[in-house]
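The file target28.csv contains CSV, C-alpha atoms (C1' of nucleotides):
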chain,number,residue,atom,x,y,z
A,1,MET,CA,-2.1,-0.7,1.7
A,2,GLN,CA,-2.3,3.0,1.6
A,3,LEU,CA,-1.5,5.8,-0.8
A,4,LYS,CA,1.2,8.2,0.3
A,5,ASN,CA,0.0,11.3,1.9
A,6,GLN,CA,1.8,13.2,-0.8
A,7,VAL,CA,-0.9,12.1,-3.2
A,8,GLU,CA,-3.5,13.9,-1.1
A,9,TRP,CA,-1.3,17.0,-0.9
A,10,ALA,CA,-0.6,16.9,-4.6
A,11,LEU,CA,-4.4,16.7,-5.4
A,12,HIS,CA,-5.2,19.6,-3.1
A,13,CYS,CA,-2.4,21.7,-4.5
A,14,CYS,CA,-3.5,21.1,-8.1
A,15,ALA,CA,-7.0,22.0,-7.1
A,16,ILE,CA,-5.8,25.3,-5.8
A,17,LEU,CA,-3.6,26.0,-8.8
A,18,ALA,CA,-6.6,25.2,-11.0
A,19,GLY,CA,-8.3,28.2,-9.5
A,20,LEU,CA,-5.4,30.5,-10.2
A,21,GLY,CA,-5.6,33.3,-12.8
A,22,PRO,CA,-3.5,32.9,-16.0
A,23,ASP,CA,0.2,33.5,-15.6
A,24,ARG,CA,0.0,33.6,-11.8
A,25,HIS,CA,2.1,31.4,-9.5
A,26,LEU,CA,2.0,30.1,-6.0
A,27,PRO,CA,5.3,29.1,-4.3
A,28,THR,CA,5.8,25.9,-2.3
A,29,LYS,CA,6.0,27.9,0.9
A,30,ASP,CA,2.4,29.3,0.5
A,31,LEU,CA,1.0,25.9,-0.6
A,32,ALA,CA,2.6,24.3,2.5
A,33,GLU,CA,1.2,26.9,4.9
A,34,LEU,CA,-2.2,26.6,3.3
A,35,HIS,CA,-2.4,22.9,3.9
A,36,GLY,CA,-0.4,22.8,7.1
A,37,VAL,CA,2.2,20.3,5.8
A,38,PRO,CA,6.0,20.4,5.8
A,39,LYS,CA,7.3,22.6,3.0
A,40,GLU,CA,10.4,20.6,2.2
A,41,TYR,CA,8.5,17.4,1.9
A,42,LEU,CA,5.7,18.9,-0.1
A,43,SER,CA,8.4,20.2,-2.4
A,44,LYS,CA,9.2,16.6,-3.4
A,45,ALA,CA,5.6,16.0,-4.5
A,46,LEU,CA,5.5,19.2,-6.5
A,47,GLN,CA,8.8,18.3,-8.1
A,48,ALA,CA,7.2,15.0,-9.2
A,49,LEU,CA,4.3,16.9,-10.7
A,50,SER,CA,6.7,19.1,-12.5
A,51,GLN,CA,8.7,16.2,-13.9
A,52,ALA,CA,5.4,14.7,-15.1
A,53,GLY,CA,4.5,17.9,-16.9
A,54,ILE,CA,1.5,18.6,-14.8
A,55,VAL,CA,2.7,21.8,-13.2
A,56,GLU,CA,5.6,24.1,-14.1
A,57,GLY,CA,7.8,26.0,-11.8
A,58,THR,CA,9.4,29.4,-12.3
A,59,LEU,CA,12.4,30.6,-10.3
A,60,GLY,CA,13.0,33.8,-8.5
A,61,PRO,CA,10.9,36.2,-6.4
A,62,SER,CA,7.2,36.1,-7.5
A,63,GLY,CA,7.9,32.7,-8.9
A,64,GLY,CA,6.3,29.4,-7.9
A,65,TYR,CA,4.1,26.9,-9.5
A,66,ARG,CA,1.2,26.9,-12.0
A,67,LEU,CA,-0.6,24.3,-14.0
A,68,ALA,CA,1.3,23.3,-17.2
A,69,ARG,CA,-2.0,22.5,-19.1
A,70,PRO,CA,-5.6,23.5,-18.9
A,71,ALA,CA,-7.4,22.0,-15.9
A,72,GLY,CA,-9.7,20.1,-18.3
A,73,ALA,CA,-6.7,18.2,-19.6
A,74,ILE,CA,-5.4,17.0,-16.2
A,75,THR,CA,-7.1,13.9,-14.7
A,76,PHE,CA,-6.8,12.5,-11.2
A,77,LEU,CA,-4.9,9.6,-12.6
A,78,ASN,CA,-2.3,11.9,-14.0
A,79,ILE,CA,-1.7,13.4,-10.6
A,80,VAL,CA,-1.8,10.1,-8.7
A,81,GLU,CA,0.6,8.4,-11.1
A,82,ALA,CA,3.0,11.3,-11.0
A,83,VAL,CA,3.4,10.9,-7.3
A,84,GLU,CA,2.7,7.3,-6.7
A,85,GLY,CA,4.1,5.7,-9.8
A,86,ARG,CA,2.5,3.5,-12.4
A,87,GLN,CA,3.2,0.1,-11.0
A,88,SER,CA,0.2,-2.0,-10.2
A,89,SER,CA,-0.8,-2.4,-6.5
A,90,PHE,CA,-0.5,-6.1,-7.1
A,91,VAL,CA,2.9,-7.5,-7.7
A,92,CYS,CA,3.1,-11.1,-9.0
A,93,THR,CA,6.2,-12.7,-7.6
A,94,GLU,CA,7.3,-15.9,-9.2
A,95,ILE,CA,5.7,-18.4,-6.8
A,96,ARG,CA,7.7,-21.5,-7.1
A,97,LYS,CA,7.5,-25.2,-7.8
A,98,ASN,CA,4.2,-27.0,-8.2
A,99,ASN,CA,1.9,-24.1,-8.2
A,100,PRO,CA,-0.1,-24.2,-11.5
A,101,CYS,CA,-0.6,-20.4,-11.6
A,102,ARG,CA,2.8,-19.3,-13.0
A,103,GLY,CA,4.0,-15.7,-13.1
A,104,SER,CA,4.3,-13.8,-16.3
A,105,MET,CA,7.5,-12.0,-15.2
A,106,SER,CA,9.9,-14.5,-16.7
A,107,PRO,CA,8.0,-16.7,-19.1
A,108,ALA,CA,11.2,-18.4,-20.2
A,109,ALA,CA,12.0,-19.5,-16.7
A,110,ALA,CA,8.5,-20.6,-16.1
A,111,GLY,CA,8.4,-22.4,-19.4
A,112,ASP,CA,5.0,-20.8,-20.1
A,113,SER,CA,4.2,-17.4,-21.6
A,114,ARG,CA,0.7,-17.2,-20.2
A,115,PRO,CA,0.3,-14.7,-17.4
A,116,CYS,CA,-0.7,-15.9,-13.9
A,117,ALA,CA,-4.5,-16.2,-13.8
A,118,ILE,CA,-4.6,-14.7,-10.3
A,119,ALA,CA,-2.5,-11.8,-11.3
A,120,ARG,CA,-4.7,-11.1,-14.3
A,121,VAL,CA,-7.7,-10.7,-12.1
A,122,MET,CA,-5.8,-8.4,-9.7
A,123,TRP,CA,-4.4,-6.4,-12.6
A,124,GLU,CA,-7.9,-6.0,-14.1
A,125,ALA,CA,-9.1,-4.5,-10.8
A,126,ASP,CA,-6.2,-2.2,-10.9
A,127,ARG,CA,-7.1,-1.1,-14.4
A,128,ALA,CA,-10.7,-0.4,-13.2
A,129,TRP,CA,-9.3,1.8,-10.4
A,130,ARG,CA,-7.1,3.8,-12.8
A,131,ALA,CA,-9.9,4.1,-15.4
A,132,SER,CA,-12.1,5.6,-12.7
A,133,LEU,CA,-9.4,8.1,-11.7
A,134,ASP,CA,-8.8,8.9,-15.4
A,135,GLY,CA,-12.5,9.8,-15.8
A,136,VAL,CA,-12.3,13.0,-13.6
A,137,THR,CA,-10.4,16.1,-14.5
A,138,LEU,CA,-9.5,19.1,-12.4
A,139,ALA,CA,-12.0,21.1,-14.3
A,140,GLU,CA,-14.8,18.7,-13.3
A,141,LEU,CA,-13.6,18.8,-9.7
A,142,ALA,CA,-13.9,22.6,-9.7
A,143,LYS,CA,-17.5,22.3,-10.8
A,144,THR,CA,-18.2,19.8,-8.0
A,145,LEU,CA,-16.6,22.2,-5.5
A,146,GLU,CA,-18.9,25.0,-6.5
A,147,LYS,CA,-21.9,22.8,-6.0
A,148,THR,CA,-20.9,21.1,-2.7
A,149,VAL,CA,-18.8,23.6,-0.8
A,150,PRO,CA,-20.5,26.5,1.0
A,151,ALA,CA,-19.9,29.8,-0.8
A,152,PRO,CA,-18.3,31.6,2.1
A,153,LEU,CA,-15.6,28.9,2.2
A,154,LEU,CA,-14.8,29.3,-1.5
A,155,LYS,CA,-14.6,33.0,-1.1
A,156,LYS,CA,-12.3,32.7,1.9
A,157,THR,CA,-9.9,30.6,-0.2
A,158,ALA,CA,-10.2,32.9,-3.2
A,159,ALA,CA,-9.3,35.8,-1.0
A,160,TRP,CA,-6.4,33.9,0.4
A,161,VAL,CA,-5.1,33.1,-3.1
A,162,GLU,CA,-5.7,36.7,-4.2
A,163,ALA,CA,-3.6,38.0,-1.3
A,164,ARG,CA,-0.6,35.9,-2.4
A,165,THR,CA,-0.5,36.5,-6.1
B,1,MET,CA,1.5,1.7,-2.7
B,2,GLN,CA,1.6,-2.1,-2.8
B,3,LEU,CA,-0.5,-4.9,-1.4
B,4,LYS,CA,1.1,-7.1,1.1
B,5,ASN,CA,2.7,-10.3,-0.3
B,6,GLN,CA,0.4,-12.1,2.1
B,7,VAL,CA,-2.5,-11.2,-0.3
B,8,GLU,CA,-0.8,-13.1,-3.1
B,9,TRP,CA,-0.1,-16.0,-0.8
B,10,ALA,CA,-3.7,-16.1,0.5
B,11,LEU,CA,-5.1,-16.1,-3.1
B,12,HIS,CA,-2.8,-18.9,-4.2
B,13,CYS,CA,-3.6,-21.0,-1.1
B,14,CYS,CA,-7.3,-20.5,-1.6
B,15,ALA,CA,-6.9,-21.6,-5.2
B,16,ILE,CA,-5.2,-24.8,-4.1
B,17,LEU,CA,-7.8,-25.4,-1.4
B,18,ALA,CA,-10.6,-24.9,-4.0
B,19,GLY,CA,-9.2,-27.9,-5.8
B,20,LEU,CA,-9.4,-30.1,-2.8
B,21,GLY,CA,-11.9,-32.9,-2.4
B,22,PRO,CA,-14.6,-32.6,0.2
B,23,ASP,CA,-13.6,-33.0,3.8
B,24,ARG,CA,-9.9,-33.0,3.0
B,25,HIS,CA,-7.4,-30.7,4.6
B,26,LEU,CA,-4.0,-29.2,3.9
B,27,PRO,CA,-1.8,-28.0,6.7
B,28,THR,CA,0.1,-24.7,6.7
B,29,LYS,CA,3.4,-26.6,6.4
B,30,ASP,CA,2.5,-28.1,3.1
B,31,LEU,CA,1.0,-24.9,1.7
B,32,ALA,CA,4.2,-23.1,2.7
B,33,GLU,CA,6.4,-25.6,1.0
B,34,LEU,CA,4.3,-25.6,-2.1
B,35,HIS,CA,4.7,-21.9,-2.5
B,36,GLY,CA,8.2,-21.6,-1.1
B,37,VAL,CA,7.2,-19.0,1.6
B,38,PRO,CA,8.0,-19.0,5.3
B,39,LYS,CA,5.5,-21.2,7.2
B,40,GLU,CA,5.2,-19.1,10.3
B,41,TYR,CA,4.4,-15.9,8.4
B,42,LEU,CA,2.0,-17.6,6.0
B,43,SER,CA,0.2,-18.9,9.1
B,44,LYS,CA,-0.8,-15.3,9.9
B,45,ALA,CA,-2.5,-14.9,6.6
B,46,LEU,CA,-4.3,-18.2,7.0
B,47,GLN,CA,-5.4,-17.2,10.4
B,48,ALA,CA,-6.8,-14.0,8.9
B,49,LEU,CA,-8.7,-16.0,6.3
B,50,SER,CA,-10.0,-18.3,9.1
B,51,GLN,CA,-11.2,-15.3,11.2
B,52,ALA,CA,-13.0,-14.0,8.1
B,53,GLY,CA,-14.8,-17.3,7.7
B,54,ILE,CA,-13.2,-18.1,4.3
B,55,VAL,CA,-11.3,-21.1,5.4
B,56,GLU,CA,-11.6,-23.3,8.5
B,57,GLY,CA,-8.8,-25.1,10.3
B,58,THR,CA,-8.9,-28.4,12.1
B,59,LEU,CA,-6.4,-29.4,14.8
B,60,GLY,CA,-4.4,-32.5,15.2
B,61,PRO,CA,-2.7,-34.9,12.9
B,62,SER,CA,-4.3,-35.0,9.4
B,63,GLY,CA,-5.7,-31.6,10.2
B,64,GLY,CA,-5.1,-28.4,8.3
B,65,TYR,CA,-7.2,-26.0,6.3
B,66,ARG,CA,-10.1,-26.3,3.9
B,67,LEU,CA,-12.5,-23.8,2.4
B,68,ALA,CA,-15.4,-22.8,4.7
B,69,ARG,CA,-17.8,-22.3,1.9
B,70,PRO,CA,-18.2,-23.4,-1.8
B,71,ALA,CA,-15.6,-21.9,-4.1
B,72,GLY,CA,-18.4,-20.2,-6.0
B,73,ALA,CA,-19.3,-18.2,-2.9
B,74,ILE,CA,-15.8,-16.8,-2.3
B,75,THR,CA,-14.8,-13.8,-4.3
B,76,PHE,CA,-11.3,-12.2,-4.7
B,77,LEU,CA,-12.6,-9.3,-2.7
B,78,ASN,CA,-13.4,-11.5,0.3
B,79,ILE,CA,-9.8,-12.8,0.3
B,80,VAL,CA,-8.2,-9.5,-0.3
B,81,GLU,CA,-10.2,-7.7,2.4
B,82,ALA,CA,-9.6,-10.5,4.9
B,83,VAL,CA,-5.8,-10.0,4.6
B,84,GLU,CA,-5.5,-6.4,3.7
B,85,GLY,CA,-8.4,-4.9,5.5
B,86,ARG,CA,-11.4,-2.9,4.4
B,87,GLN,CA,-10.0,0.6,4.7
B,88,SER,CA,-9.9,2.6,1.4
B,89,SER,CA,-6.4,3.1,-0.1
B,90,PHE,CA,-7.1,6.8,0.1
B,91,VAL,CA,-7.2,8.3,3.6
B,92,CYS,CA,-8.6,11.9,3.8
B,93,THR,CA,-6.7,13.7,6.6
B,94,GLU,CA,-8.2,16.9,7.8
B,95,ILE,CA,-6.3,19.4,5.8
B,96,ARG,CA,-6.4,22.6,7.7
B,97,LYS,CA,-7.2,26.2,7.4
B,98,ASN,CA,-8.3,27.8,4.2
B,99,ASN,CA,-8.6,24.8,2.0
B,100,PRO,CA,-12.2,24.7,0.6
B,101,CYS,CA,-12.2,20.9,0.3
B,102,ARG,CA,-13.0,19.9,3.9
B,103,GLY,CA,-12.7,16.4,5.2
B,104,SER,CA,-15.7,14.3,6.1
B,105,MET,CA,-14.1,12.7,9.1
B,106,SER,CA,-15.2,15.2,11.7
B,107,PRO,CA,-18.0,17.3,10.2
B,108,ALA,CA,-18.6,19.0,13.5
B,109,ALA,CA,-15.0,20.2,13.7
B,110,ALA,CA,-15.1,21.3,10.1
B,111,GLY,CA,-18.5,23.0,10.4
B,112,ASP,CA,-19.6,21.2,7.3
B,113,SER,CA,-21.1,17.8,6.9
B,114,ARG,CA,-20.3,17.4,3.2
B,115,PRO,CA,-17.5,15.0,2.3
B,116,CYS,CA,-14.3,16.3,0.7
B,117,ALA,CA,-14.8,16.4,-3.0
B,118,ILE,CA,-11.4,15.1,-3.7
B,119,ALA,CA,-11.9,12.2,-1.3
B,120,ARG,CA,-15.1,11.3,-3.0
B,121,VAL,CA,-13.4,10.9,-6.3
B,122,MET,CA,-10.7,8.8,-4.7
B,123,TRP,CA,-13.2,6.7,-2.8
B,124,GLU,CA,-15.3,6.1,-5.9
B,125,ALA,CA,-12.2,4.7,-7.6
B,126,ASP,CA,-11.6,2.5,-4.6
B,127,ARG,CA,-15.2,1.3,-4.9
B,128,ALA,CA,-14.6,0.4,-8.6
B,129,TRP,CA,-11.5,-1.6,-7.6
B,130,ARG,CA,-13.4,-3.5,-5.0
B,131,ALA,CA,-16.4,-4.1,-7.3
B,132,SER,CA,-14.0,-5.6,-9.9
B,133,LEU,CA,-12.5,-7.9,-7.3
B,134,ASP,CA,-16.0,-8.9,-6.1
B,135,GLY,CA,-16.9,-10.0,-9.6
B,136,VAL,CA,-14.6,-13.0,-9.7
B,137,THR,CA,-15.1,-16.1,-7.5
B,138,LEU,CA,-12.7,-18.9,-6.8
B,139,ALA,CA,-14.9,-21.2,-8.9
B,140,GLU,CA,-14.5,-18.9,-11.9
B,141,LEU,CA,-10.7,-18.8,-11.4
B,142,ALA,CA,-10.6,-22.6,-11.5
B,143,LYS,CA,-12.4,-22.4,-14.9
B,144,THR,CA,-9.8,-19.9,-16.2
B,145,LEU,CA,-7.0,-22.1,-15.0
B,146,GLU,CA,-8.3,-25.0,-16.9
B,147,LYS,CA,-8.3,-22.9,-20.1
B,148,THR,CA,-5.0,-21.1,-19.7
B,149,VAL,CA,-2.7,-23.4,-17.9
B,150,PRO,CA,-1.1,-26.3,-19.7
B,151,ALA,CA,-2.6,-29.6,-18.7
B,152,PRO,CA,0.7,-31.2,-17.5
B,153,LEU,CA,1.1,-28.4,-15.0
B,154,LEU,CA,-2.4,-29.0,-13.6
B,155,LYS,CA,-1.8,-32.7,-13.4
B,156,LYS,CA,1.5,-32.1,-11.6
B,157,THR,CA,-0.3,-30.0,-9.0
B,158,ALA,CA,-3.1,-32.4,-8.7
B,159,ALA,CA,-0.7,-35.2,-8.0
B,160,TRP,CA,1.1,-33.1,-5.4
B,161,VAL,CA,-2.2,-32.4,-3.6
B,162,GLU,CA,-3.2,-36.1,-3.9
B,163,ALA,CA,0.1,-37.2,-2.2
B,164,ARG,CA,-0.6,-35.0,0.8
B,165,THR,CA,-4.2,-35.7,1.6
C,1,DT,C1',-3.6,-43.1,27.9
C,2,DC,C1',0.2,-41.3,25.4
C,3,DT,C1',2.4,-39.0,21.6
C,4,DA,C1',2.9,-36.5,17.6
C,5,DT,C1',0.7,-33.0,15.0
C,6,DT,C1',-1.8,-29.0,14.2
C,7,DA,C1',-4.2,-24.2,14.5
C,8,DA,C1',-4.2,-20.2,17.1
C,9,DG,C1',-2.2,-16.3,18.9
C,10,DG,C1',1.1,-13.3,21.8
C,11,DA,C1',5.7,-11.3,21.8
C,12,DT,C1',9.5,-9.7,19.6
C,13,DA,C1',13.0,-9.0,16.0
C,14,DT,C1',14.3,-7.4,11.3
C,15,DC,C1',13.9,-4.9,7.2
C,16,DA,C1',12.1,-1.7,3.7
C,17,DA,C1',9.5,2.2,2.5
C,18,DA,C1',7.3,6.4,3.7
C,19,DT,C1',8.1,10.5,5.9
C,20,DA,C1',10.9,14.3,7.0
C,21,DT,C1',14.9,17.4,7.3
C,22,DC,C1',19.0,19.6,5.7
C,23,DC,C1',22.0,21.6,2.5
C,24,DG,C1',24.0,23.3,-2.0
C,25,DT,C1',23.2,25.1,-6.8
C,26,DA,C1',21.4,27.8,-10.3
C,27,DA,C1',18.1,30.9,-12.0
C,28,DT,C1',15.6,35.3,-11.8
C,29,DA,C1',12.8,39.3,-10.5
C,30,DA,C1',13.1,43.5,-8.0
D,1,DT,C1',23.4,43.1,-5.9
D,2,DT,C1',20.2,40.8,-3.1
D,3,DA,C1',16.4,38.1,-1.8
D,4,DT,C1',13.6,34.6,-3.5
D,5,DT,C1',12.7,30.4,-5.6
D,6,DA,C1',12.8,25.6,-7.9
D,7,DC,C1',15.5,21.7,-8.1
D,8,DG,C1',17.9,17.8,-6.5
D,9,DG,C1',21.3,15.2,-3.6
D,10,DA,C1',22.2,13.3,0.9
D,11,DT,C1',20.6,11.7,5.2
D,12,DA,C1',17.9,11.0,9.3
D,13,DT,C1',13.5,9.4,11.5
D,14,DT,C1',9.4,6.9,11.8
D,15,DT,C1',6.2,3.5,10.5
D,16,DG,C1',4.5,-0.6,8.7
D,17,DA,C1',5.5,-4.9,6.4
D,18,DT,C1',8.0,-9.0,7.0
D,19,DA,C1',9.7,-12.7,9.7
D,20,DT,C1',10.8,-15.6,13.7
D,21,DC,C1',10.0,-17.6,18.2
D,22,DC,C1',7.4,-19.5,21.7
D,23,DT,C1',3.3,-21.2,24.4
D,24,DT,C1',-1.3,-23.1,24.6
D,25,DA,C1',-5.0,-26.1,23.5
D,26,DA,C1',-7.2,-29.4,20.6
D,27,DT,C1',-7.2,-33.9,18.3
D,28,DA,C1',-6.2,-38.0,15.6
D,29,DG,C1',-3.9,-42.2,15.8
D,30,DA,C1',-0.9,-45.7,18.1
Encoded form (structure tokens):
Amino acid sequence: MQLKNQVEWALHCCAILAGLGPDRHLPTKDLAELHGVPKEYLSKALQALSQAGIVEGTLGPSGGYRLARPAGAITFLNIVEAVEGRQSSFVCTEIRKNNPCRGSMSPAAAGDSRPCAIARVMWEADRAWRASLDGVTLAELAKTLEKTVPAPLLKKTAAWVEART
Amino acid sequence: MQLKNQVEWALHCCAILAGLGPDRHLPTKDLAELHGVPKEYLSKALQALSQAGIVEGTLGPSGGYRLARPAGAITFLNIVEAVEGRQSSFVCTEIRKNNPCRGSMSPAAAGDSRPCAIARVMWEADRAWRASLDGVTLAELAKTLEKTVPAPLLKKTAAWVEART
DNA sequence: TCTATTAAGGATATCAAATATCCGTAATAA
DNA sequence: TTATTACGGATATTTGATATCCTTAATAGA
């Protein structure tokens, strides 16, 4: 079980966009070159972010993407769910016959409206995962970066961004 | 991102085995029929559980599987990790060039031993997921089943198990 | 001893999803 | 008018999950 690599790309792109000045944009092409990933495929991830209202794109020359809301109002969970979807990592299929732990998918068919006890444990863990991701915003990530990443590296990136906007 | 269906099968099989009397066994064939899943493929999951020391198999007629330890000493995490592996759902690839958030995979190559800040957030969420799974044992599941599953269903299963052992 | 049963595991086939590429359309700044 | 860009549809490629087949060795029971 592994998250799509688009999740990693989306998180890094958002981190970069969070450091952008107001009303400035970065096009897919630059973001792809920065991270060394295929432009066309990264574009799909950015489109997902756009549809989720996390980033917004503007057309034409000097267009590109920027955050659609303040970095403090965007959590990791928002980004992960935009790319990866909201379905739990555990899917309870209707396991048949004698098994006492019925699924909750079709209570009528199962003759029991109570959710599968095993599924409930798995879903609770999924909830804990999402709660953890929902507890960190892009703004807090930026603070962490300042503390843990060597200054020269940050300046290098800042200069790179500056040169493109 | 989705867990393998083998995880669900393994959890249900362990739940059944937890209700078994001491020194009794259930073969793969019966477990597969009970759940309505392919025997050969379920066998792979049971082998993984066996290698992890969660169940133990005995050969020959009247052989099969049983739990290798008390149900109170087996957590959901044990079972999930036996089948799904221990690698985090988030993999931090070395994203190249100017990006300030370096990977922690090859600090030497990155010239920086600090782990990627984005990866740390994702890994923390993964840790929360595993902690949640590690907080529930098979014994506790059995208690939940007694409370939430209608008695006739439990009796039906008990009778089924009884007929096979 | 013989036979049926079983776990274990290697090899391989099948299928679904992730990954990646290509192309057309419409909008827009210069 | 032109170059640039987001957006989205269609499709190819690759990878991993799913599934099947077969052999081997152990073991209980006849």
*Distance CA of Ser62 (chain A)-CA of Thr165 (chain A), one decimal place?*
7.8 Å
_Show me, as a list in words, every residue of chain D with an atom at most 9 Å from chain A, counting all atoms listed in the file._
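Those within range of chain A come out as DA3, DT4, DT5, DA6 and DC7 of chain D.
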*Near chain B, which residues of chain C fall within 6 Å when you count all atoms listed in the file, and what do they look like as a VMD selection string?*
chain C and resid 5 to 7
*Please indicate the distance in Å from CA of Val7 (chain B) to CA of Lys147 (chain B), rounded to one decimal place.*
23.7 Å
*Which residues, written as a PyMOL selection string, have at least one atom at most 12 Å from Leu49 (chain B), with all atoms listed in the file counted and residues fewer than 6 positions away on the same chain left out?*
chain B and resi 6-7+9-11+13-14+42-43+55-57+65-69+74+76-85
_Residue hits in chain B, query chain A, radius 6 Å, only C-alpha atoms, as a list in words_ =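 Filtering chain B at 6 Å from chain A with only C-alpha atoms gives Met1, Gln2, Leu3, His35, Ser89, Phe90, Ile95, Arg96, Asn98, Pro100, Ala125, Ala128, Trp129, Ser132, Leu133, Leu153, Leu154 and Thr157 of chain B.
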*Within 12 Å of DT15 (chain D), counting all atoms listed in the file, which residues show up once you throw out same-chain ones fewer than 2 positions away? Write them as a list in words, please.*
DC15, DA16, DA17, DA18 and DT19 of chain C; DT13 and DA17 of chain D
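Here CA of Leu26 (chain B) stands at a distance of 27.1 Å from C1' of DA11 (chain C).
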*Please identify all polymer residues within 8 Å of Ala71 (chain A), counting only C-alpha atoms (C1' of nucleotides), omitting same-chain residues fewer than 5 positions from it, and present them as a list of chain:residue names.*
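That gives A:Ala18, A:Thr137, A:Leu138, A:Ala139.
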*Would you mind listing what lies within 10 Å of DA12 (chain D) as a list in words, with all atoms listed in the file counted and same-chain residues fewer than 2 positions away left out?*
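Counting only the stated atoms, we get DA20, DT21 and DC22 of chain C; DA10 and DT14 of chain D.
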